[in-house]
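Q: Structure supplied as query.txt; contents: compact mmCIF, C-alpha atoms.
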```txt
# COMPACT_ATOMS: atom_id res chain seq x y z
CA MET A 1 0.00 0.00 0.00
CA GLN A 2 1.72 3.19 -1.19
CA LYS A 3 -0.76 5.41 -3.02
CA VAL A 4 -4.21 5.50 -1.48
CA VAL A 5 -7.47 7.28 -2.22
CA VAL A 6 -9.70 8.52 0.61
CA THR A 7 -13.26 9.46 -0.28
CA GLY A 8 -14.92 11.87 2.12
CA ALA A 9 -11.43 13.14 2.91
CA ALA A 10 -12.59 16.49 4.32
CA GLY A 11 -15.22 14.94 6.56
CA PHE A 12 -15.16 14.10 10.24
CA ILE A 13 -13.68 10.59 10.13
CA GLY A 14 -12.11 11.00 6.69
CA SER A 15 -9.93 13.97 7.63
CA ASN A 16 -8.69 12.20 10.74
CA LEU A 17 -7.89 9.15 8.62
CA VAL A 18 -6.00 11.31 6.10
CA ASP A 19 -3.79 12.70 8.88
CA ASP A 20 -3.05 9.18 10.10
CA LEU A 21 -2.19 7.81 6.66
CA LEU A 22 0.16 10.71 5.98
CA ARG A 23 1.91 10.06 9.30
CA ARG A 24 2.41 6.49 8.10
CA GLY A 25 4.23 7.74 5.00
CA LEU A 26 1.59 7.06 2.36
CA ASP A 27 0.71 9.16 -0.68
CA VAL A 28 -2.89 10.23 -0.23
CA LEU A 29 -5.40 11.55 -2.75
CA GLY A 30 -8.50 12.94 -1.08
CA LEU A 31 -11.87 13.18 -2.82
CA ASP A 32 -14.74 15.21 -1.38
CA ASP A 33 -17.70 17.23 -2.60
CA PHE A 34 -17.57 19.42 0.55
CA SER A 35 -21.28 19.02 1.21
CA SER A 36 -20.54 18.01 4.81
CA GLY A 37 -16.75 18.04 4.93
CA HIS A 38 -14.84 21.26 5.40
CA ILE A 39 -11.56 22.62 4.07
CA LYS A 40 -10.52 23.59 7.62
CA PHE A 41 -10.36 19.91 8.57
CA ILE A 42 -7.58 19.28 6.06
CA GLU A 43 -5.57 22.45 6.59
CA LEU A 44 -2.58 20.54 7.99
CA ALA A 45 -2.87 17.79 5.39
CA LYS A 46 -2.79 20.35 2.56
CA LYS A 47 0.67 21.42 3.71
CA HIS A 48 1.97 17.86 3.35
CA PRO A 49 3.82 17.08 0.09
CA ASN A 50 2.18 13.64 -0.13
CA PHE A 51 -1.40 14.92 -0.09
CA ASN A 52 -3.67 16.22 -2.80
CA ILE A 53 -7.39 17.02 -2.57
CA ILE A 54 -9.91 17.12 -5.40
CA SER A 55 -13.35 18.67 -5.05
CA CYS A 56 -15.58 16.35 -7.00
CA ASP A 57 -18.93 14.65 -7.43
CA LEU A 58 -18.60 10.89 -6.99
CA LEU A 59 -21.87 10.38 -8.84
CA ASP A 60 -19.84 11.16 -11.98
CA GLN A 61 -18.67 7.64 -12.79
CA LYS A 62 -16.32 8.64 -15.63
CA ALA A 63 -14.55 11.08 -13.34
CA VAL A 64 -14.25 8.44 -10.63
CA VAL A 65 -12.41 6.16 -13.05
CA GLU A 66 -9.87 8.93 -13.65
CA TYR A 67 -9.45 9.69 -9.94
CA LEU A 68 -8.58 6.07 -9.09
CA ASP A 69 -5.98 5.67 -11.80
CA GLY A 70 -2.65 4.60 -10.33
CA SER A 71 -3.88 3.97 -6.79
CA ASP A 72 -3.25 0.86 -4.72
CA PHE A 73 -5.97 1.10 -2.10
CA VAL A 74 -9.29 2.88 -1.58
CA PHE A 75 -10.63 4.02 1.78
CA HIS A 76 -14.27 4.73 0.99
CA LEU A 77 -15.80 6.96 3.65
CA ALA A 78 -17.88 9.35 1.54
CA ALA A 79 -21.56 9.01 2.37
CA ASN A 80 -24.72 10.74 3.41
CA ALA A 81 -24.77 10.15 7.17
CA ASP A 82 -27.98 12.07 7.80
CA VAL A 83 -29.78 9.15 9.46
CA ARG A 84 -32.36 11.17 11.33
CA PHE A 85 -33.79 12.99 8.30
CA GLY A 86 -33.54 10.11 5.82
CA THR A 87 -37.30 9.89 5.30
CA GLU A 88 -37.38 13.54 4.20
CA HIS A 89 -35.18 12.82 1.16
CA PRO A 90 -35.29 9.05 0.48
CA SER A 91 -33.23 9.22 -2.72
CA LYS A 92 -30.24 10.76 -0.96
CA ASP A 93 -29.15 7.55 0.77
CA LEU A 94 -29.53 5.61 -2.47
CA GLU A 95 -27.52 8.13 -4.47
CA GLN A 96 -24.83 9.23 -2.02
CA ASN A 97 -24.28 5.83 -0.42
CA THR A 98 -25.25 2.99 -2.74
CA ILE A 99 -24.74 4.45 -6.21
CA VAL A 100 -21.54 6.25 -5.21
CA THR A 101 -20.19 2.97 -3.83
CA PHE A 102 -21.03 1.25 -7.12
CA ASN A 103 -19.13 3.99 -8.96
CA ILE A 104 -16.12 3.48 -6.69
CA LEU A 105 -16.18 -0.28 -7.31
CA GLU A 106 -16.39 0.24 -11.06
CA GLY A 107 -13.54 2.75 -10.91
CA MET A 108 -11.49 0.18 -9.04
CA ARG A 109 -12.32 -2.57 -11.53
CA GLU A 110 -11.35 -0.45 -14.53
CA ASN A 111 -8.05 0.54 -12.87
CA ALA A 112 -7.22 -2.91 -11.43
CA VAL A 113 -7.37 -1.58 -7.87
CA GLN A 114 -8.28 -4.55 -5.71
CA ASN A 115 -8.31 -3.34 -2.10
CA ILE A 116 -11.12 -1.38 -0.45
CA VAL A 117 -11.87 -0.27 3.09
CA PHE A 118 -15.53 0.60 3.54
CA ALA A 119 -17.06 2.63 6.35
CA SER A 120 -20.30 0.84 7.12
CA THR A 121 -22.49 1.13 10.21
CA GLY A 122 -23.98 -0.78 13.09
CA ALA A 123 -27.32 0.42 11.72
CA VAL A 124 -27.26 -2.53 9.31
CA TYR A 125 -28.25 -4.74 12.27
CA GLY A 126 -31.54 -2.87 12.61
CA GLU A 127 -33.07 -3.61 15.99
CA SER A 128 -31.07 -6.74 16.65
CA GLN A 129 -32.34 -9.23 19.21
CA ILE A 130 -28.75 -10.20 20.03
CA ILE A 131 -26.97 -7.76 22.38
CA PRO A 132 -24.05 -7.21 22.19
CA THR A 133 -24.41 -7.77 18.46
CA PRO A 134 -21.73 -9.87 16.69
CA GLU A 135 -20.78 -9.62 13.02
CA ASN A 136 -22.60 -12.88 12.22
CA ALA A 137 -25.90 -11.85 13.84
CA PRO A 138 -28.99 -12.54 11.71
CA MET A 139 -29.95 -9.46 9.73
CA PRO A 140 -33.37 -8.25 10.88
CA ILE A 141 -35.78 -6.03 9.00
CA GLN A 142 -34.06 -2.74 8.18
CA THR A 143 -35.41 0.25 10.11
CA SER A 144 -33.58 3.15 8.44
CA LEU A 145 -32.91 4.12 4.85
CA TYR A 146 -29.32 4.82 5.87
CA GLY A 147 -28.81 1.32 7.23
CA ALA A 148 -30.52 -0.22 4.20
CA SER A 149 -28.30 1.72 1.78
CA LYS A 150 -25.14 0.73 3.66
CA LEU A 151 -26.17 -2.93 3.69
CA ALA A 152 -26.66 -2.72 -0.07
CA CYS A 153 -23.14 -1.28 -0.35
CA GLU A 154 -21.73 -4.14 1.69
CA SER A 155 -23.47 -6.67 -0.56
CA MET A 156 -22.07 -5.09 -3.72
CA ILE A 157 -18.56 -4.99 -2.25
CA GLU A 158 -18.80 -8.67 -1.33
CA ALA A 159 -20.00 -9.53 -4.84
CA TYR A 160 -17.10 -7.60 -6.42
CA CYS A 161 -14.70 -9.45 -4.13
CA GLU A 162 -16.08 -12.73 -5.49
CA GLY A 163 -16.45 -11.67 -9.10
CA PHE A 164 -13.30 -9.60 -9.58
CA ASP A 165 -10.96 -10.91 -6.87
CA PHE A 166 -11.13 -7.77 -4.73
CA LYS A 167 -10.23 -7.77 -1.06
CA SER A 168 -12.32 -5.76 1.37
CA TRP A 169 -12.39 -4.58 4.96
CA ILE A 170 -15.90 -3.57 5.99
CA PHE A 171 -16.03 -1.71 9.31
CA ARG A 172 -19.38 -1.44 11.05
CA PHE A 173 -19.15 1.58 13.34
CA VAL A 174 -21.13 2.70 16.30
CA SER A 175 -21.48 6.50 16.45
CA ILE A 176 -18.08 8.18 16.45
CA LEU A 177 -17.09 11.12 18.67
CA GLY A 178 -14.14 13.50 18.90
CA GLN A 179 -12.41 16.31 17.04
CA ARG A 180 -14.05 17.54 13.80
CA TYR A 181 -17.42 16.09 14.83
CA THR A 182 -20.19 17.94 13.00
CA HIS A 183 -23.41 15.98 13.45
CA GLY A 184 -25.08 13.80 16.03
CA HIS A 185 -26.55 14.13 19.49
CA VAL A 186 -23.62 15.98 21.13
CA TYR A 187 -23.67 18.52 18.30
CA ASP A 188 -27.45 18.89 18.53
CA PHE A 189 -27.47 19.32 22.31
CA CYS A 190 -24.58 21.79 22.33
CA LYS A 191 -26.20 23.83 19.57
CA GLN A 192 -29.48 23.98 21.47
CA LEU A 193 -27.72 25.05 24.66
CA LYS A 194 -25.66 27.64 22.80
CA GLU A 195 -28.88 29.22 21.54
CA ASP A 196 -30.73 28.90 24.87
CA PRO A 197 -28.75 27.71 27.93
CA SER A 198 -31.92 27.48 30.03
CA CYS A 199 -33.58 24.52 28.32
CA LEU A 200 -32.79 21.36 26.40
CA HIS A 201 -35.34 19.31 24.46
CA VAL A 202 -34.54 15.65 23.91
CA LEU A 203 -36.07 13.42 21.23
CA GLY A 204 -37.39 10.22 22.77
CA ASN A 205 -37.39 9.46 26.49
CA GLY A 206 -33.64 9.76 27.15
CA LEU A 207 -33.44 6.08 28.07
CA GLN A 208 -32.07 4.97 24.70
CA LYS A 209 -28.88 2.96 25.20
CA LYS A 210 -26.03 3.67 22.81
CA SER A 211 -22.39 2.77 22.42
CA TYR A 212 -19.90 5.28 21.04
CA LEU A 213 -16.24 5.35 20.02
CA HIS A 214 -13.65 8.11 19.94
CA VAL A 215 -12.43 8.91 16.43
CA ASP A 216 -8.78 8.28 17.38
CA ASP A 217 -9.72 4.76 18.50
CA CYS A 218 -11.71 4.30 15.30
CA ILE A 219 -8.74 5.23 13.11
CA ASP A 220 -6.42 2.98 15.10
CA ALA A 221 -8.87 0.09 14.71
CA ILE A 222 -9.10 0.58 10.94
CA TRP A 223 -5.34 0.30 10.60
CA VAL A 224 -5.18 -2.74 12.90
CA GLY A 225 -7.94 -4.42 10.92
CA VAL A 226 -6.38 -3.73 7.53
CA THR A 227 -2.96 -5.00 8.60
CA ASN A 228 -4.20 -8.11 10.42
CA ALA A 229 -7.42 -9.40 8.84
CA ASN A 230 -6.62 -11.38 5.68
CA ASP A 231 -9.82 -12.92 4.37
CA LYS A 232 -11.27 -11.95 1.01
CA VAL A 233 -14.11 -10.18 2.84
CA ASN A 234 -13.34 -8.94 6.35
CA ILE A 235 -16.29 -7.62 8.37
CA LEU A 236 -15.35 -5.97 11.66
CA ASN A 237 -17.48 -4.26 14.29
CA LEU A 238 -15.97 -1.16 15.89
CA GLY A 239 -17.20 0.18 19.21
CA ALA A 240 -16.47 0.67 22.87
CA ASN A 241 -16.85 -2.21 25.31
CA ASP A 242 -19.79 -0.56 27.05
CA TYR A 243 -22.70 1.81 26.44
CA CYS A 244 -24.52 4.67 28.09
CA GLN A 245 -28.01 6.08 28.19
CA VAL A 246 -28.76 9.31 26.38
CA ASN A 247 -29.48 10.78 29.82
CA ASP A 248 -25.92 9.95 30.89
CA SER A 249 -24.56 11.82 27.91
CA ILE A 250 -26.82 14.79 28.67
CA GLN A 251 -25.46 14.98 32.19
CA TRP A 252 -21.84 14.88 31.01
CA ILE A 253 -22.52 17.62 28.46
CA ILE A 254 -24.25 20.03 30.83
CA GLU A 255 -21.61 19.44 33.51
CA LYS A 256 -18.89 20.20 30.96
CA LEU A 257 -20.71 23.38 29.95
CA GLY A 258 -21.44 24.37 33.54
CA LEU A 259 -25.18 24.65 32.89
CA SER A 260 -28.37 23.52 34.62
CA PRO A 261 -31.03 23.61 31.90
CA LYS A 262 -34.58 22.36 32.19
CA VAL A 263 -34.64 19.09 30.24
CA THR A 264 -37.83 18.12 28.39
CA TYR A 265 -38.56 14.96 26.42
CA GLY A 266 -40.48 14.17 23.27
CA GLY A 267 -41.35 10.75 24.66
CA GLY A 268 -41.16 7.22 23.33
CA GLU A 269 -38.19 4.86 23.12
CA ARG A 270 -37.21 6.10 19.65
CA GLY A 271 -36.20 9.66 18.88
CA TRP A 272 -37.11 9.40 15.18
CA VAL A 273 -38.06 6.86 12.53
CA GLY A 274 -35.20 4.36 12.35
CA ASP A 275 -33.71 5.29 15.73
CA ASN A 276 -32.51 2.11 17.43
CA PRO A 277 -33.25 2.18 21.18
CA PHE A 278 -30.29 -0.10 22.01
CA ILE A 279 -27.01 -0.21 20.08
CA PHE A 280 -24.13 -2.24 21.49
CA LEU A 281 -21.78 -4.17 19.19
CA GLU A 282 -19.62 -7.13 20.09
CA THR A 283 -16.02 -6.31 19.10
CA ASN A 284 -14.21 -9.57 19.88
CA LYS A 285 -12.89 -9.93 16.33
CA ILE A 286 -11.01 -6.60 16.17
CA ARG A 287 -9.86 -7.10 19.77
CA SER A 288 -8.35 -10.46 18.82
CA PHE A 289 -5.74 -8.48 16.87
CA GLY A 290 -4.66 -6.64 20.00
CA TRP A 291 -6.77 -3.50 19.58
CA LYS A 292 -8.72 -1.90 22.38
CA PRO A 293 -10.10 1.62 22.77
CA GLN A 294 -8.04 4.12 24.72
CA HIS A 295 -10.93 6.48 25.50
CA THR A 296 -14.07 5.92 27.54
CA ILE A 297 -17.43 6.97 26.17
CA ARG A 298 -17.54 9.82 28.67
CA GLU A 299 -14.12 11.03 27.51
CA GLY A 300 -15.38 10.89 23.93
CA VAL A 301 -18.41 13.01 24.78
CA GLU A 302 -16.37 15.54 26.75
CA SER A 303 -13.66 15.87 24.09
CA THR A 304 -16.39 16.46 21.52
CA VAL A 305 -17.84 19.26 23.64
CA ASP A 306 -14.32 20.75 23.89
CA PHE A 307 -13.99 20.69 20.11
CA LEU A 308 -17.38 22.33 19.60
CA LEU A 309 -16.60 25.05 22.14
CA GLU A 310 -13.29 25.82 20.43
CA ASN A 311 -14.79 25.66 16.92
CA ASP A 312 -18.26 27.16 17.20
CA TRP A 313 -18.15 28.06 13.49
CA VAL A 314 -19.37 24.51 12.85
CA PHE A 315 -22.80 25.50 14.19
CA ASN A 316 -23.16 27.88 11.26
CA PHE A 317 -21.54 25.54 8.75
CA ARG A 318 -24.03 22.74 9.48
CA LYS A 319 -27.54 23.97 8.80
```
Would you write the structure of this file as structure tokens?
A:
Amino acid sequence: MQKVVVTGAAGFIGSNLVDDLLRRGLDVLGLDDFSSGHIKFIELAKKHPNFNIISCDLLDQKAVVEYLDGSDFVFHLAANADVRFGTEHPSKDLEQNTIVTFNILEGMRENAVQNIVFASTGAVYGESQIIPTPENAPMPIQTSLYGASKLACESMIEAYCEGFDFKSWIFRFVSILGQRYTHGHVYDFCKQLKEDPSCLHVLGNGLQKKSYLHVDDCIDAIWVGVTNANDKVNILNLGANDYCQVNDSIQWIIEKLGLSPKVTYGGGERGWVGDNPFIFLETNKIRSFGWKPQHTIREGVESTVDFLLENDWVFNFRK
């Protein structure tokens, strides 16, 4: 692995991955349409002689073929991650997740690039009856358009591995926290409290149980998985070894901000259509390679609050 392509390179996880790959001495080409990524996240990377960034639309299949020419490895992180509002624009998950992934696979095939890392999601498990949920859990009925689109991506990647002798590493993430975080519950709560420190409205009943992972631990796990898992198709859950309630996270956030808002609830065990009331992934496979997270969930939440306080421009960037 010498020349790699990172899609979604200016995004939250993608930009952190770019920094890590450059530290490892790789030549990195970043691709991003800057719909959710931001140029500020790759300011340091842009100063590196081994990095180049292209602003592009990955729905343009002919262009994708050109972008992948000469690369050895693709880290495909570009996606629409707007899970909560998926039902308001159903085609977005299909286009930005599934069709874009098809374009990437075709670009790889035409350029004889045979290695792909794919950022999938624990949402593909729907509302699993097995907790913690292992990689070989039965797939239940899909509950979100996001999860359904990602599962379709996984299936296509697996088929290309069989049909064209690709090798893949599919990482199913829990929600990721940390520096450059721009969407999710910590963002939403901090934005609410920035606008009105006296009250906080929570979707659902606050009893939803979720696992999270710090972005630094996520990036470390990706590298450990790529360098140790050697099957044709490698599916790996990534997450912390515990979980918290949304109410726990609320308490950590308001303590960090030094506030005492009145907290109100929308009610119900789901905050929105497709919200899973209990997400906790089994991570024995990635741990068997010697990986373990270095940050607790609470540390992940608090470091995310620190980032948002120091970079409040993101509240205007994300509408």
Q: Residues at most 6 Å from Phe73 (chain A), counting only C-alpha atoms, excluding those fewer than 4 positions away in the same chain, as a ChimeraX atom specification?
A: /A:4,115-116
Q: Extract, using all atoms listed in the file, all DNA, RNA and protein residues at most 10 Å from Phe75 (chain A), discarding same-chain residues fewer than 3 positions from it, and format them as a PyMOL selection string.
A: chain A and resi 4-9+14+17-18+30+78+115-119+168-169+222
Q: Give me a file of those residues, with C-alpha atoms, as a CSV table (one decimal), keeping the file's coordinate frame.
A:
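The resulting file, out.csv, is reproduced below:
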```csv
chain,number,residue,atom,x,y,z
A,4,VAL,CA,-4.2,5.5,-1.5
A,5,VAL,CA,-7.5,7.3,-2.2
A,6,VAL,CA,-9.7,8.5,0.6
A,7,THR,CA,-13.3,9.5,-0.3
A,8,GLY,CA,-14.9,11.9,2.1
A,9,ALA,CA,-11.4,13.1,2.9
A,14,GLY,CA,-12.1,11.0,6.7
A,17,LEU,CA,-7.9,9.2,8.6
A,18,VAL,CA,-6.0,11.3,6.1
A,30,GLY,CA,-8.5,12.9,-1.1
A,78,ALA,CA,-17.9,9.4,1.5
A,115,ASN,CA,-8.3,-3.3,-2.1
A,116,ILE,CA,-11.1,-1.4,-0.4
A,117,VAL,CA,-11.9,-0.3,3.1
A,118,PHE,CA,-15.5,0.6,3.5
A,119,ALA,CA,-17.1,2.6,6.4
A,168,SER,CA,-12.3,-5.8,1.4
A,169,TRP,CA,-12.4,-4.6,5.0
A,222,ILE,CA,-9.1,0.6,10.9
```
Q: Please indicate the distance in Å from CA of Thr121 (chain A) to CA of Val83 (chain A), rounded to one decimal place.
A: 10.9 Å
Q: Need the shell around Leu238 (chain A): protein/DNA/RNA residues with any atom at most 7 Å away, counting only C-alpha atoms. Skip same-chain ones fewer than 5 positions apart. Format as a list in words?
A: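 Skipping anything fewer than 5 positions along the chain leaves Phe171, Arg172, Phe173, Val174, Cys218 and Thr283 of chain A.
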Q: Between CA of Asn237 (chain A) and CA of Asp19 (chain A), what is the spacing in Å?
A: 22.5 Å
Q: So which residues touch region 251-265 of chain A within 6 Å, counting all atoms listed in the file, skipping near sequence neighbours fewer than 6 positions away, as a list in words?
A: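 Listed by chain and then number, they are Ser198, Cys199, Leu200, His201, Val202, Leu203 and Asn205 of chain A.
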Q: Residues within 7 Å of Gly204 (chain A), please, as a PyMOL selection string. Count all atoms listed in the file; anything in the same chain fewer than 5 positions from it doesn't count.
A: chain A and resi 265-271
Q: Please measure the separation of CA of Phe315 (chain A) and CA of Lys40 (chain A), giving the value in Å to one decimal.
A: 14.1 Å
Q: Looking at A:Asp312, A:Asp248, A:Glu282, A:Asp60, which one is nearest to Ile99 (chain A), with distances taken over only C-alpha atoms?
A: A:Asp60
Q: Hey, which of A:Leu22, A:Leu77, A:Ile39, A:Val233 ends up closest to Glu162 (chain A)? Count only C-alpha atoms.
A: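 Among A:Leu22, A:Leu77, A:Ile39, A:Val233, it is A:Val233 that comes nearest to Glu162 (chain A).
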Q: From the list A:Gln96, A:Ser15, A:Asn228, A:Asn276, which residue is nearest Tyr125 (chain A) when using all atoms listed in the file?
A: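 Closest to Tyr125 (chain A) of all the choices is A:Asn276.
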Q: Show me the residues around (-10.8, 10.0, -9.9) - criterion: an atom at most 10 Å away, only C-alpha atoms counted - as a PyMOL selection string.
A: chain A and resi 5+7+29-31+54+56-58+60-71+104+107-108
Q: Ranking A:Arg287, A:Lys194, A:Arg109, A:His185 by minimum distance to Val224 (chain A) and counting only C-alpha atoms, which one comes first?
A: A:Arg287
Q: Kindly indicate which residue among A:Phe164, A:Phe34, A:Tyr187, A:Phe41 lies nearest to Ala79 (chain A), using only C-alpha atoms for the distances.
A: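 Among the listed residues, A:Phe34 lies closest to Ala79 (chain A).
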Q: Nearest to Phe189 (chain A) among A:Gln294, A:Asn52, A:Thr98, A:Ser249, with distances taken over only C-alpha atoms: which residue is it?
A: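 Looking only at the distances to Phe189 (chain A), the closest residue turns out to be A:Ser249.
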Q: With N, CA and C atoms as the atom set, please write region 7-23 of chain A from the structure just given, as a JSON list (two decimals), in the first residue's frame.
A:
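Done, and the output landed in out-v9.json:
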```json
[["chain", "number", "residue", "atom", "x", "y", "z"],
["A", 7, "THR", "N", -12.05, 8.71, 0.05],
["A", 7, "THR", "CA", -13.26, 9.46, -0.28],
["A", 7, "THR", "C", -13.85, 10.02, 1.01],
["A", 8, "GLY", "N", -14.46, 11.20, 0.90],
["A", 8, "GLY", "CA", -14.92, 11.87, 2.12],
["A", 8, "GLY", "C", -13.76, 12.39, 2.94],
["A", 9, "ALA", "N", -12.69, 12.81, 2.24],
["A", 9, "ALA", "CA", -11.43, 13.14, 2.91],
["A", 9, "ALA", "C", -11.50, 14.39, 3.78],
["A", 10, "ALA", "N", -12.46, 15.27, 3.53],
["A", 10, "ALA", "CA", -12.59, 16.49, 4.32],
["A", 10, "ALA", "C", -13.66, 16.36, 5.40],
["A", 11, "GLY", "N", -14.19, 15.16, 5.56],
["A", 11, "GLY", "CA", -15.22, 14.94, 6.56],
["A", 11, "GLY", "C", -14.65, 14.65, 7.93],
["A", 12, "PHE", "N", -15.53, 14.35, 8.86],
["A", 12, "PHE", "CA", -15.16, 14.10, 10.24],
["A", 12, "PHE", "C", -14.17, 12.94, 10.37],
["A", 13, "ILE", "N", -14.57, 11.75, 10.00],
["A", 13, "ILE", "CA", -13.68, 10.59, 10.13],
["A", 13, "ILE", "C", -12.63, 10.62, 9.03],
["A", 14, "GLY", "N", -13.03, 11.00, 7.81],
["A", 14, "GLY", "CA", -12.11, 11.00, 6.69],
["A", 14, "GLY", "C", -10.89, 11.87, 6.90],
["A", 15, "SER", "N", -11.07, 13.07, 7.43],
["A", 15, "SER", "CA", -9.93, 13.97, 7.63],
["A", 15, "SER", "C", -8.99, 13.44, 8.70],
["A", 16, "ASN", "N", -9.55, 12.82, 9.73],
["A", 16, "ASN", "CA", -8.69, 12.20, 10.74],
["A", 16, "ASN", "C", -7.92, 11.01, 10.17],
["A", 17, "LEU", "N", -8.57, 10.26, 9.28],
["A", 17, "LEU", "CA", -7.89, 9.15, 8.62],
["A", 17, "LEU", "C", -6.77, 9.66, 7.72],
["A", 18, "VAL", "N", -7.03, 10.73, 6.97],
["A", 18, "VAL", "CA", -6.00, 11.31, 6.10],
["A", 18, "VAL", "C", -4.75, 11.66, 6.91],
["A", 19, "ASP", "N", -4.93, 12.33, 8.04],
["A", 19, "ASP", "CA", -3.79, 12.70, 8.88],
["A", 19, "ASP", "C", -3.00, 11.47, 9.30],
["A", 20, "ASP", "N", -3.71, 10.40, 9.65],
["A", 20, "ASP", "CA", -3.05, 9.18, 10.10],
["A", 20, "ASP", "C", -2.28, 8.51, 8.96],
["A", 21, "LEU", "N", -2.86, 8.44, 7.79],
["A", 21, "LEU", "CA", -2.19, 7.81, 6.66],
["A", 21, "LEU", "C", -0.95, 8.58, 6.24],
["A", 22, "LEU", "N", -1.02, 9.90, 6.31],
["A", 22, "LEU", "CA", 0.16, 10.71, 5.98],
["A", 22, "LEU", "C", 1.27, 10.48, 7.00],
["A", 23, "ARG", "N", 0.90, 10.35, 8.26],
["A", 23, "ARG", "CA", 1.91, 10.06, 9.30],
["A", 23, "ARG", "C", 2.58, 8.71, 9.04]]
```
